$ cat model-v4.csv   # CSV, C-alpha atoms
chain,number,residue,atom,x,y,z
A,1,MET,CA,-20.3,-25.3,-0.7
A,2,GLU,CA,-17.6,-26.1,-3.2
A,3,ARG,CA,-14.6,-23.7,-3.2
A,4,GLU,CA,-13.3,-23.0,-6.6
A,5,PHE,CA,-9.7,-21.7,-7.0
A,6,THR,CA,-6.9,-21.4,-9.5
A,7,PRO,CA,-3.8,-21.4,-7.3
A,8,LEU,CA,-1.4,-20.2,-10.0
A,9,GLU,CA,-3.7,-17.4,-11.4
A,10,PRO,CA,-1.7,-14.6,-9.8
A,11,LEU,CA,1.3,-15.5,-11.9
A,12,LEU,CA,-0.6,-15.2,-15.2
A,13,PRO,CA,-0.3,-12.0,-17.1
A,14,ALA,CA,-4.0,-12.0,-17.8
A,15,GLY,CA,-5.0,-13.2,-14.3
A,16,ASN,CA,-8.1,-11.5,-12.8
A,17,LEU,CA,-7.6,-12.2,-9.1
A,18,LYS,CA,-7.1,-9.2,-6.9
A,19,TYR,CA,-4.3,-9.9,-4.4
A,20,CYS,CA,-2.0,-8.4,-1.8
A,21,LEU,CA,1.6,-9.3,-1.9
A,22,VAL,CA,3.7,-10.1,1.3
A,23,ILE,CA,7.4,-10.5,1.0
A,24,LEU,CA,9.3,-12.6,3.6
A,25,ASN,CA,12.9,-12.7,4.6
A,26,GLN,CA,14.1,-15.2,2.0
A,27,PRO,CA,15.5,-14.9,-1.5
A,28,LEU,CA,13.1,-13.4,-4.0
A,29,ASP,CA,12.3,-15.2,-7.3
A,30,GLN,CA,12.1,-13.2,-10.5
A,31,CYS,CA,8.4,-13.4,-10.5
A,32,TYR,CA,8.4,-10.8,-7.8
A,33,ARG,CA,8.2,-8.1,-10.6
A,34,HIS,CA,5.1,-9.4,-12.1
A,35,LEU,CA,3.4,-10.0,-8.7
A,36,TRP,CA,4.5,-6.5,-7.5
A,37,ASN,CA,3.1,-4.7,-10.5
A,38,LYS,CA,-0.4,-6.3,-10.2
A,39,ALA,CA,-0.8,-6.3,-6.4
A,40,VAL,CA,-3.4,-4.0,-4.9
A,41,LEU,CA,-1.3,-3.7,-1.7
A,42,ARG,CA,2.3,-4.6,-1.0
A,43,ALA,CA,4.0,-5.3,2.4
A,44,CYS,CA,7.3,-6.6,3.8
A,45,ALA,CA,7.6,-8.7,6.9
A,46,ASP,CA,10.7,-7.4,8.8
A,47,GLY,CA,13.8,-8.7,6.9
A,48,GLY,CA,11.7,-9.1,3.8
A,49,ALA,CA,12.5,-5.4,3.3
A,50,ASN,CA,16.2,-6.3,3.0
A,51,ARG,CA,15.5,-8.7,0.2
A,52,LEU,CA,13.4,-6.1,-1.7
A,53,TYR,CA,16.0,-3.4,-1.1
A,54,ASP,CA,18.9,-5.6,-2.4
A,55,ILE,CA,17.2,-7.0,-5.5
A,56,THR,CA,15.9,-3.6,-6.7
A,57,GLU,CA,19.2,-1.8,-6.6
A,58,GLY,CA,19.1,1.1,-9.1
A,59,GLU,CA,15.3,1.2,-9.1
A,60,ARG,CA,14.4,1.1,-5.5
A,61,GLY,CA,12.1,4.2,-5.8
A,62,SER,CA,9.8,2.1,-8.0
A,63,PHE,CA,9.4,-0.7,-5.4
A,64,LEU,CA,8.1,1.0,-2.2
A,65,PRO,CA,5.9,-1.2,0.0
A,66,GLU,CA,2.8,0.3,1.7
A,67,PHE,CA,4.2,-0.9,5.0
A,68,ILE,CA,6.9,-2.9,6.7
A,69,SER,CA,6.0,-4.7,9.9
A,70,GLY,CA,7.8,-6.8,12.4
A,71,ASP,CA,9.9,-6.7,15.6
A,72,PHE,CA,12.7,-5.2,13.4
A,73,ASP,CA,15.4,-7.6,14.6
A,74,SER,CA,16.3,-8.5,11.0
A,75,ILE,CA,15.9,-5.3,8.9
A,76,ARG,CA,19.2,-3.6,8.4
A,77,PRO,CA,19.6,0.0,9.6
A,78,GLU,CA,20.3,1.5,6.2
A,79,VAL,CA,17.2,-0.4,4.8
A,80,LYS,CA,15.0,0.9,7.6
A,81,GLU,CA,16.3,4.5,7.0
A,82,PHE,CA,15.8,4.3,3.2
A,83,TYR,CA,12.1,3.2,3.4
A,84,THR,CA,11.4,5.6,6.3
A,85,VAL,CA,12.7,8.5,4.2
A,86,LYS,CA,10.7,7.4,1.3
A,87,GLY,CA,7.5,7.6,3.3
A,88,CYS,CA,6.8,3.9,3.8
A,89,GLU,CA,5.0,3.1,7.0
A,90,LEU,CA,7.0,1.1,9.5
A,91,ILE,CA,4.9,-0.7,12.1
A,92,LEU,CA,6.5,-2.3,15.1
A,93,THR,CA,4.9,-5.6,16.2
A,94,PRO,CA,7.0,-6.8,19.1
A,95,ASP,CA,4.8,-9.7,20.1
A,96,GLN,CA,7.1,-12.8,20.2
A,97,THR,CA,4.3,-15.4,20.4
A,98,HIS,CA,3.7,-15.0,16.6
A,99,THR,CA,6.1,-14.8,13.7
A,100,ASP,CA,6.6,-11.7,11.7
A,101,PHE,CA,4.7,-13.4,8.9
A,102,THR,CA,1.6,-14.0,11.1
A,103,LYS,CA,1.8,-10.4,12.5
A,104,CYS,CA,2.1,-9.0,9.0
A,105,LEU,CA,-1.2,-10.7,8.0
A,106,GLN,CA,-2.8,-9.2,11.1
A,107,VAL,CA,-1.7,-5.7,10.0
A,108,LEU,CA,-2.7,-6.4,6.4
A,109,ARG,CA,-6.2,-7.3,7.4
A,110,LYS,CA,-6.6,-3.9,9.1
A,111,LYS,CA,-5.2,-2.1,6.0
A,112,ILE,CA,-7.5,-3.9,3.7
A,113,GLU,CA,-10.5,-2.9,5.9
A,114,GLU,CA,-9.3,0.7,6.2
A,115,LYS,CA,-8.8,1.1,2.4
A,116,GLY,CA,-12.0,-0.8,1.5
A,117,LEU,CA,-10.1,-3.0,-0.8
A,118,GLN,CA,-11.5,-6.0,-2.7
A,119,VAL,CA,-9.0,-8.8,-2.3
A,120,ASP,CA,-9.3,-12.4,-3.5
A,121,VAL,CA,-6.1,-13.9,-2.2
A,122,ILE,CA,-2.9,-13.1,-0.3
A,123,VAL,CA,0.2,-14.0,-2.2
A,124,THR,CA,3.3,-14.6,-0.1
A,125,LEU,CA,6.9,-14.8,-1.5
A,126,GLY,CA,9.4,-16.8,0.6
A,127,GLY,CA,9.0,-19.1,3.5
A,128,LEU,CA,9.7,-22.4,1.9
A,129,SER,CA,13.5,-22.6,1.9
A,130,GLY,CA,16.4,-22.5,4.3
A,131,ARG,CA,15.8,-23.5,8.0
A,132,PHE,CA,13.3,-26.3,8.5
A,133,ASP,CA,11.9,-24.8,11.6
A,134,GLN,CA,11.1,-21.6,9.7
A,135,ILE,CA,9.5,-23.6,6.9
A,136,MET,CA,7.2,-25.2,9.4
A,137,ALA,CA,6.5,-21.8,11.0
A,138,SER,CA,5.3,-20.7,7.5
A,139,VAL,CA,3.0,-23.7,7.3
A,140,ASN,CA,1.7,-22.9,10.8
A,141,THR,CA,0.9,-19.3,9.7
A,142,LEU,CA,-1.3,-20.8,7.0
A,143,TYR,CA,-3.3,-22.5,9.7
A,144,GLN,CA,-3.5,-19.3,11.7
A,145,ALA,CA,-4.3,-17.2,8.6
A,146,VAL,CA,-7.8,-18.7,8.3
A,147,HIS,CA,-8.7,-16.9,11.6
A,148,ILE,CA,-7.0,-13.7,10.6
A,149,ILE,CA,-8.0,-12.9,7.0
A,150,PRO,CA,-11.1,-14.1,5.2
A,151,VAL,CA,-9.4,-14.9,1.8
A,152,PRO,CA,-7.0,-17.7,0.8
A,153,THR,CA,-3.3,-17.3,1.5
A,154,ILE,CA,-0.8,-19.0,-0.7
A,155,ILE,CA,3.0,-19.2,-0.3
A,156,ILE,CA,5.3,-19.3,-3.4
A,157,GLN,CA,9.0,-19.9,-3.5
A,158,GLU,CA,11.2,-21.3,-6.2
A,159,GLU,CA,9.4,-24.2,-7.8
A,160,SER,CA,6.8,-24.7,-5.0
A,161,LEU,CA,3.4,-23.4,-4.0
A,162,ILE,CA,1.5,-24.4,-0.8
A,163,TYR,CA,-2.1,-23.6,0.0
A,164,LEU,CA,-4.2,-24.9,3.0
A,165,LEU,CA,-7.5,-26.6,2.0
A,166,GLN,CA,-10.2,-26.2,4.6
A,167,PRO,CA,-12.7,-29.0,5.4
A,168,GLY,CA,-15.2,-29.4,2.6
A,169,LYS,CA,-15.1,-29.6,-1.2
A,170,HIS,CA,-12.5,-27.9,-3.4
A,171,LYS,CA,-12.2,-27.5,-7.2
A,172,LEU,CA,-8.7,-26.6,-8.2
A,173,HIS,CA,-8.0,-25.5,-11.8
A,174,VAL,CA,-4.5,-26.7,-12.8
A,175,ASP,CA,-4.6,-25.8,-16.5
A,176,THR,CA,-2.7,-22.5,-16.5
A,177,GLY,CA,0.3,-23.9,-18.3
A,178,LEU,CA,2.5,-23.0,-15.3
A,179,GLU,CA,2.0,-26.2,-13.5
A,180,GLY,CA,5.0,-28.5,-13.0
A,181,ASP,CA,5.0,-32.2,-12.9
A,182,TRP,CA,4.3,-32.9,-9.3
A,183,CYS,CA,1.7,-32.2,-6.6
A,184,GLY,CA,0.8,-33.5,-3.2
A,185,LEU,CA,-1.6,-33.5,-0.2
A,186,VAL,CA,0.1,-33.3,3.2
A,187,PRO,CA,-1.9,-33.7,6.5
A,188,VAL,CA,0.0,-31.4,8.8
A,189,GLY,CA,-0.8,-31.5,12.5
A,190,GLN,CA,-3.5,-34.1,12.5
A,191,PRO,CA,-4.7,-37.0,10.3
A,192,CYS,CA,-7.5,-36.5,7.7
A,193,SER,CA,-9.9,-39.3,8.1
A,194,GLN,CA,-11.7,-39.0,4.8
A,195,VAL,CA,-10.0,-37.7,1.6
A,196,THR,CA,-11.5,-38.1,-1.8
A,197,THR,CA,-9.9,-36.7,-5.0
A,198,THR,CA,-10.4,-36.7,-8.7
A,199,GLY,CA,-8.0,-35.4,-11.4
A,200,LEU,CA,-4.8,-37.0,-10.0
A,201,LYS,CA,-2.9,-39.9,-11.3
A,202,TRP,CA,-3.2,-41.6,-8.0
A,203,ASN,CA,-6.6,-40.6,-6.6
A,204,LEU,CA,-8.0,-41.2,-3.1
A,205,THR,CA,-11.4,-42.5,-2.2
A,206,ASN,CA,-12.4,-41.9,1.4
A,207,ASP,CA,-8.9,-42.6,2.4
A,208,MET,CA,-7.1,-41.6,5.6
A,209,LEU,CA,-4.0,-39.4,5.3
A,210,GLY,CA,-1.7,-39.1,8.2
A,211,PHE,CA,2.0,-39.2,9.2
A,212,GLY,CA,3.0,-42.7,10.0
A,213,THR,CA,0.4,-44.1,7.6
A,214,LEU,CA,-0.2,-42.4,4.2
A,215,VAL,CA,0.9,-39.1,2.8
A,216,SER,CA,0.2,-38.2,-0.8
A,217,THR,CA,3.5,-36.9,-2.1
A,218,SER,CA,5.0,-37.1,-5.6
A,219,ASN,CA,1.6,-37.3,-7.1
A,220,THR,CA,0.7,-35.8,-10.5
A,221,TYR,CA,-2.2,-34.9,-12.7
A,222,ASP,CA,-4.4,-37.0,-15.0
A,223,GLY,CA,-4.5,-34.4,-17.7
A,224,SER,CA,-8.1,-33.2,-17.1
A,225,GLY,CA,-6.9,-29.8,-15.9
A,226,VAL,CA,-9.1,-29.9,-12.8
A,227,VAL,CA,-8.4,-31.5,-9.4
A,228,THR,CA,-11.2,-31.9,-6.9
A,229,VAL,CA,-10.5,-32.6,-3.2
A,230,GLU,CA,-13.1,-33.4,-0.5
A,231,VAL,CA,-11.6,-33.5,3.0
A,232,ASP,CA,-12.9,-33.6,6.6
A,233,ARG,CA,-10.0,-31.6,8.1
A,234,PRO,CA,-7.4,-29.0,7.0
A,235,LEU,CA,-5.1,-30.4,4.4
A,236,LEU,CA,-2.1,-28.9,2.8
A,237,TRP,CA,-2.1,-28.7,-1.0
A,238,THR,CA,1.3,-28.4,-2.7
A,239,MET,CA,2.2,-28.1,-6.3
A,240,ALA,CA,5.1,-27.5,-8.6
A,241,ILE,CA,5.5,-24.2,-10.5
A,242,ASN,CA,7.1,-24.2,-13.9
A,243,LEU,CA,8.1,-20.6,-14.7
$ encode --input "model-v4.csv" --output "structure tokens"
Amino acid sequence: MEREFTPLEPLLPAGNLKYCLVILNQPLDQCYRHLWNKAVLRACADGGANRLYDITEGERGSFLPEFISGDFDSIRPEVKEFYTVKGCELILTPDQTHTDFTKCLQVLRKKIEEKGLQVDVIVTLGGLSGRFDQIMASVNTLYQAVHIIPVPTIIIQEESLIYLLQPGKHKLHVDTGLEGDWCGLVPVGQPCSQVTTTGLKWNLTNDMLGFGTLVSTSNTYDGSGVVTVEVDRPLLWTMAINL
């Protein structure tokens, strides 16, 4: 079965995808307002609440997440008190074998089920800047997310988006007008033995991608507006955002 997806659709004013918004503990881009307003459910992972609190000064009452989860080693006391007083649910998830991002997705799945929400994608803000080990932890969460929540999870920060392609055929629409100049396919964790693409300037035909051999970075589009990818193992898709 071919999976069809428009990665940047949540950023479109007229986008139709229903999504949940997760805010991580990294600087928020200005697109947070648009994403917040259209989300069907909003959550912060621990220190992500600090970021939301700081950037919404003067209008914080209009930006109240449904829940904040984590081990609460990052959220500041005054931020925790503010959201508690405002009635936001604070959920302690002390397990140290998973990141606050991963644990937030676990809570999110339960909330979606409890509320009977129709959700097409999980949009995550943050996770792609700062410490390299935390960036890799964000990537690892995408690998875990496929076993946690049954819809795609994307991560957006600054000019980048990442999305984990599962084995099989994918059709990505890249004609929203928000696409930047570059894109890439990165085999994280294990090589991909067979990768075939169309719609890229430098396409692959049953090629192997793997660290130490070939990684498709700094690629771009052929102008058709559609990229297809057929892959035998999980493969990270990344693309530039031009807001």
$ residues_around --input "model-v4.csv" --residues "segment 40-43 of chain A" --least-positions-apart "4" --cutoff "7 Å" --atoms "only C-alpha atoms" --output "JSON, numbers by chain"
{"A": [18, 19, 20, 21, 22, 23, 65, 66, 67, 68]}
$ write_last_selection --input "model-v4.csv" --atoms "C-alpha atoms" --output "PDB file, keeping the file's coordinate frame"
ATOM      1  CA  LYS A  18      -7.100  -9.200  -6.900  1.00  0.00           C
ATOM      2  CA  TYR A  19      -4.300  -9.900  -4.400  1.00  0.00           C
ATOM      3  CA  CYS A  20      -2.000  -8.400  -1.800  1.00  0.00           C
ATOM      4  CA  LEU A  21       1.600  -9.300  -1.900  1.00  0.00           C
ATOM      5  CA  VAL A  22       3.700 -10.100   1.300  1.00  0.00           C
ATOM      6  CA  ILE A  23       7.400 -10.500   1.000  1.00  0.00           C
ATOM      7  CA  PRO A  65       5.900  -1.200   0.000  1.00  0.00           C
ATOM      8  CA  GLU A  66       2.800   0.300   1.700  1.00  0.00           C
ATOM      9  CA  PHE A  67       4.200  -0.900   5.000  1.00  0.00           C
ATOM     10  CA  ILE A  68       6.900  -2.900   6.700  1.00  0.00           C
TER      11      ILE A  68
END
$ residues_around --input "model-v4.csv" --residues "Glu4 of chain A" --least-positions-apart "2" --cutoff "7 Å" --atoms "all atoms listed in the file" --output "ChimeraX atom specification"
/A:2,170-172
$ closest_residue --input "model-v4.csv" --among "A:Thr205, A:Thr196, A:Leu235, A:Leu35" --to "Phe63 of chain A" --atoms "only C-alpha atoms"
A:Leu35
$ atom_distance --input "model-v4.csv" --atom1 "atom CA of Thr238 of chain A" --atom2 "atom CA of Thr176 of chain A"
15.5 Å
$ closest_residue --input "model-v4.csv" --among "A:Pro234, A:Pro10, A:Gly180, A:Pro167" --to "Leu142 of chain A" --atoms "all atoms listed in the file"
A:Pro234
$ atom_distance --input "model-v4.csv" --atom1 "atom CA of Asn219 of chain A" --atom2 "atom CA of Leu125 of chain A"
23.8 Å
$ residues_near_point --input "model-v4.csv" --point "(-9.0, -12.6, 13.5)" --cutoff "12 Å" --atoms "all atoms listed in the file" --output "list in words"
Thr102, Lys103, Leu105, Gln106, Val107, Leu108, Arg109, Lys110, Gln144, Ala145, Val146, His147, Ile148, Ile149, Pro150 and Val151 of chain A
$ residues_near_point --input "model-v4.csv" --point "(7.3, -19.5, 12.6)" --cutoff "10 Å" --atoms "only C-alpha atoms" --output "VMD selection string"
chain A and resid 97 to 102 127 132 to 141
$ atom_distance --input "model-v4.csv" --atom1 "atom CA of Met208 of chain A" --atom2 "atom CA of Leu161 of chain A"
23.1 Å
$ residues_around --input "model-v4.csv" --residues "Leu17 of chain A" --least-positions-apart "3" --cutoff "9 Å" --atoms "all atoms listed in the file" --output "list of chain:residue names"
A:Glu9, A:Pro10, A:Val119, A:Asp120, A:Val121
$ closest_residue --input "model-v4.csv" --among "A:Ser74, A:Leu164, A:Gly126, A:Ile91" --to "Lys111 of chain A" --atoms "all atoms listed in the file"
A:Ile91
$ closest_residue --input "model-v4.csv" --among "A:Leu28, A:Leu11, A:Leu92, A:Val195" --to "Asn50 of chain A" --atoms "only C-alpha atoms"
A:Leu28
$ residues_around --input "model-v4.csv" --residues "Ile75 of chain A" --least-positions-apart "6" --cutoff "9 Å" --atoms "only C-alpha atoms" --output "PyMOL selection string"
chain A and resi 46-50
$ closest_residue --input "model-v4.csv" --among "A:Phe5, A:Phe211, A:Tyr32, A:Tyr53" --to "His173 of chain A" --atoms "only C-alpha atoms"
A:Phe5
$ residues_around --input "model-v4.csv" --residues "Tyr221 of chain A" --least-positions-apart "4" --cutoff "9 Å" --atoms "only C-alpha atoms" --output "ChimeraX atom specification"
/A:174,181-183,199-202,225-227
$ closest_residue --input "model-v4.csv" --among "A:Gln118, A:Gln30, A:Thr6, A:Gln190" --to "Tyr163 of chain A" --atoms "only C-alpha atoms"
A:Thr6
$ build_atoms --input "model-v4.csv" --residues "segment 183-194 of chain A" --atoms "all heavy atoms" --output "PDB file, in the frame of the given file"
ATOM      1  N   CYS A 183       2.583 -32.809  -7.548  1.00  0.00           N
ATOM      2  CA  CYS A 183       1.700 -32.200  -6.600  1.00  0.00           C
ATOM      3  C   CYS A 183       1.555 -33.101  -5.399  1.00  0.00           C
ATOM      4  O   CYS A 183       2.003 -34.254  -5.441  1.00  0.00           O
ATOM      5  CB  CYS A 183       0.331 -31.847  -7.192  1.00  0.00           C
ATOM      6  SG  CYS A 183      -0.568 -33.295  -7.800  1.00  0.00           S
ATOM      7  N   GLY A 184       0.954 -32.618  -4.332  1.00  0.00           N
ATOM      8  CA  GLY A 184       0.800 -33.500  -3.200  1.00  0.00           C
ATOM      9  C   GLY A 184      -0.236 -32.955  -2.202  1.00  0.00           C
ATOM     10  O   GLY A 184      -0.671 -31.798  -2.267  1.00  0.00           O
ATOM     11  N   LEU A 185      -0.644 -33.827  -1.301  1.00  0.00           N
ATOM     12  CA  LEU A 185      -1.600 -33.500  -0.200  1.00  0.00           C
ATOM     13  C   LEU A 185      -0.978 -33.977   1.073  1.00  0.00           C
ATOM     14  O   LEU A 185      -0.737 -35.178   1.253  1.00  0.00           O
ATOM     15  CB  LEU A 185      -2.936 -34.200  -0.487  1.00  0.00           C
ATOM     16  CG  LEU A 185      -3.736 -33.685  -1.695  1.00  0.00           C
ATOM     17  CD1 LEU A 185      -4.811 -34.691  -2.107  1.00  0.00           C
ATOM     18  CD2 LEU A 185      -4.361 -32.328  -1.377  1.00  0.00           C
ATOM     19  N   VAL A 186      -0.722 -33.019   1.965  1.00  0.00           N
ATOM     20  CA  VAL A 186       0.100 -33.300   3.200  1.00  0.00           C
ATOM     21  C   VAL A 186      -0.777 -32.969   4.406  1.00  0.00           C
ATOM     22  O   VAL A 186      -1.116 -31.799   4.620  1.00  0.00           O
ATOM     23  CB  VAL A 186       1.381 -32.533   3.189  1.00  0.00           C
ATOM     24  CG1 VAL A 186       2.225 -32.942   4.389  1.00  0.00           C
ATOM     25  CG2 VAL A 186       2.150 -32.755   1.886  1.00  0.00           C
ATOM     26  N   PRO A 187      -1.091 -33.962   5.253  1.00  0.00           N
ATOM     27  CA  PRO A 187      -1.900 -33.700   6.500  1.00  0.00           C
ATOM     28  C   PRO A 187      -0.997 -33.270   7.617  1.00  0.00           C
ATOM     29  O   PRO A 187      -0.456 -34.089   8.354  1.00  0.00           O
ATOM     30  CB  PRO A 187      -2.511 -35.081   6.733  1.00  0.00           C
ATOM     31  CG  PRO A 187      -1.475 -36.054   6.225  1.00  0.00           C
ATOM     32  CD  PRO A 187      -0.784 -35.386   5.066  1.00  0.00           C
ATOM     33  N   VAL A 188      -0.844 -31.975   7.794  1.00  0.00           N
ATOM     34  CA  VAL A 188       0.000 -31.400   8.800  1.00  0.00           C
ATOM     35  C   VAL A 188      -0.754 -31.231  10.119  1.00  0.00           C
ATOM     36  O   VAL A 188      -1.816 -30.615  10.108  1.00  0.00           O
ATOM     37  CB  VAL A 188       0.676 -30.113   8.377  1.00  0.00           C
ATOM     38  CG1 VAL A 188       1.599 -29.564   9.464  1.00  0.00           C
ATOM     39  CG2 VAL A 188       1.457 -30.309   7.083  1.00  0.00           C
ATOM     40  N   GLY A 189      -0.231 -31.728  11.222  1.00  0.00           N
ATOM     41  CA  GLY A 189      -0.800 -31.500  12.500  1.00  0.00           C
ATOM     42  C   GLY A 189      -1.772 -32.544  13.016  1.00  0.00           C
ATOM     43  O   GLY A 189      -1.738 -32.911  14.189  1.00  0.00           O
ATOM     44  N   GLN A 190      -2.607 -33.061  12.134  1.00  0.00           N
ATOM     45  CA  GLN A 190      -3.500 -34.100  12.500  1.00  0.00           C
ATOM     46  C   GLN A 190      -3.919 -34.903  11.273  1.00  0.00           C
ATOM     47  O   GLN A 190      -3.862 -34.383  10.150  1.00  0.00           O
ATOM     48  CB  GLN A 190      -4.781 -33.548  13.181  1.00  0.00           C
ATOM     49  CG  GLN A 190      -5.595 -32.625  12.288  1.00  0.00           C
ATOM     50  CD  GLN A 190      -6.801 -32.058  12.989  1.00  0.00           C
ATOM     51  OE1 GLN A 190      -7.325 -32.633  13.932  1.00  0.00           O
ATOM     52  NE2 GLN A 190      -7.275 -30.896  12.527  1.00  0.00           N
ATOM     53  N   PRO A 191      -4.298 -36.177  11.440  1.00  0.00           N
ATOM     54  CA  PRO A 191      -4.700 -37.000  10.300  1.00  0.00           C
ATOM     55  C   PRO A 191      -6.018 -36.434   9.687  1.00  0.00           C
ATOM     56  O   PRO A 191      -6.809 -35.783  10.361  1.00  0.00           O
ATOM     57  CB  PRO A 191      -4.926 -38.380  10.865  1.00  0.00           C
ATOM     58  CG  PRO A 191      -4.233 -38.368  12.188  1.00  0.00           C
ATOM     59  CD  PRO A 191      -4.303 -36.959  12.695  1.00  0.00           C
ATOM     60  N   CYS A 192      -6.199 -36.699   8.419  1.00  0.00           N
ATOM     61  CA  CYS A 192      -7.500 -36.500   7.700  1.00  0.00           C
ATOM     62  C   CYS A 192      -8.131 -37.834   7.561  1.00  0.00           C
ATOM     63  O   CYS A 192      -7.547 -38.734   6.929  1.00  0.00           O
ATOM     64  CB  CYS A 192      -7.261 -35.793   6.398  1.00  0.00           C
ATOM     65  SG  CYS A 192      -6.554 -34.136   6.525  1.00  0.00           S
ATOM     66  N   SER A 193      -9.307 -37.997   8.103  1.00  0.00           N
ATOM     67  CA  SER A 193      -9.900 -39.300   8.100  1.00  0.00           C
ATOM     68  C   SER A 193     -10.554 -39.707   6.796  1.00  0.00           C
ATOM     69  O   SER A 193     -10.599 -40.894   6.442  1.00  0.00           O
ATOM     70  CB  SER A 193     -11.009 -39.378   9.227  1.00  0.00           C
ATOM     71  OG  SER A 193     -10.437 -39.121  10.485  1.00  0.00           O
ATOM     72  N   GLN A 194     -11.031 -38.722   6.048  1.00  0.00           N
ATOM     73  CA  GLN A 194     -11.700 -39.000   4.800  1.00  0.00           C
ATOM     74  C   GLN A 194     -11.254 -38.020   3.725  1.00  0.00           C
ATOM     75  O   GLN A 194     -11.576 -36.837   3.805  1.00  0.00           O
ATOM     76  CB  GLN A 194     -13.225 -38.948   4.944  1.00  0.00           C
ATOM     77  CG  GLN A 194     -13.809 -40.057   5.823  1.00  0.00           C
ATOM     78  CD  GLN A 194     -15.324 -39.968   5.899  1.00  0.00           C
ATOM     79  OE1 GLN A 194     -15.874 -38.912   6.155  1.00  0.00           O
ATOM     80  NE2 GLN A 194     -16.002 -41.083   5.662  1.00  0.00           N
TER      81      GLN A 194
END
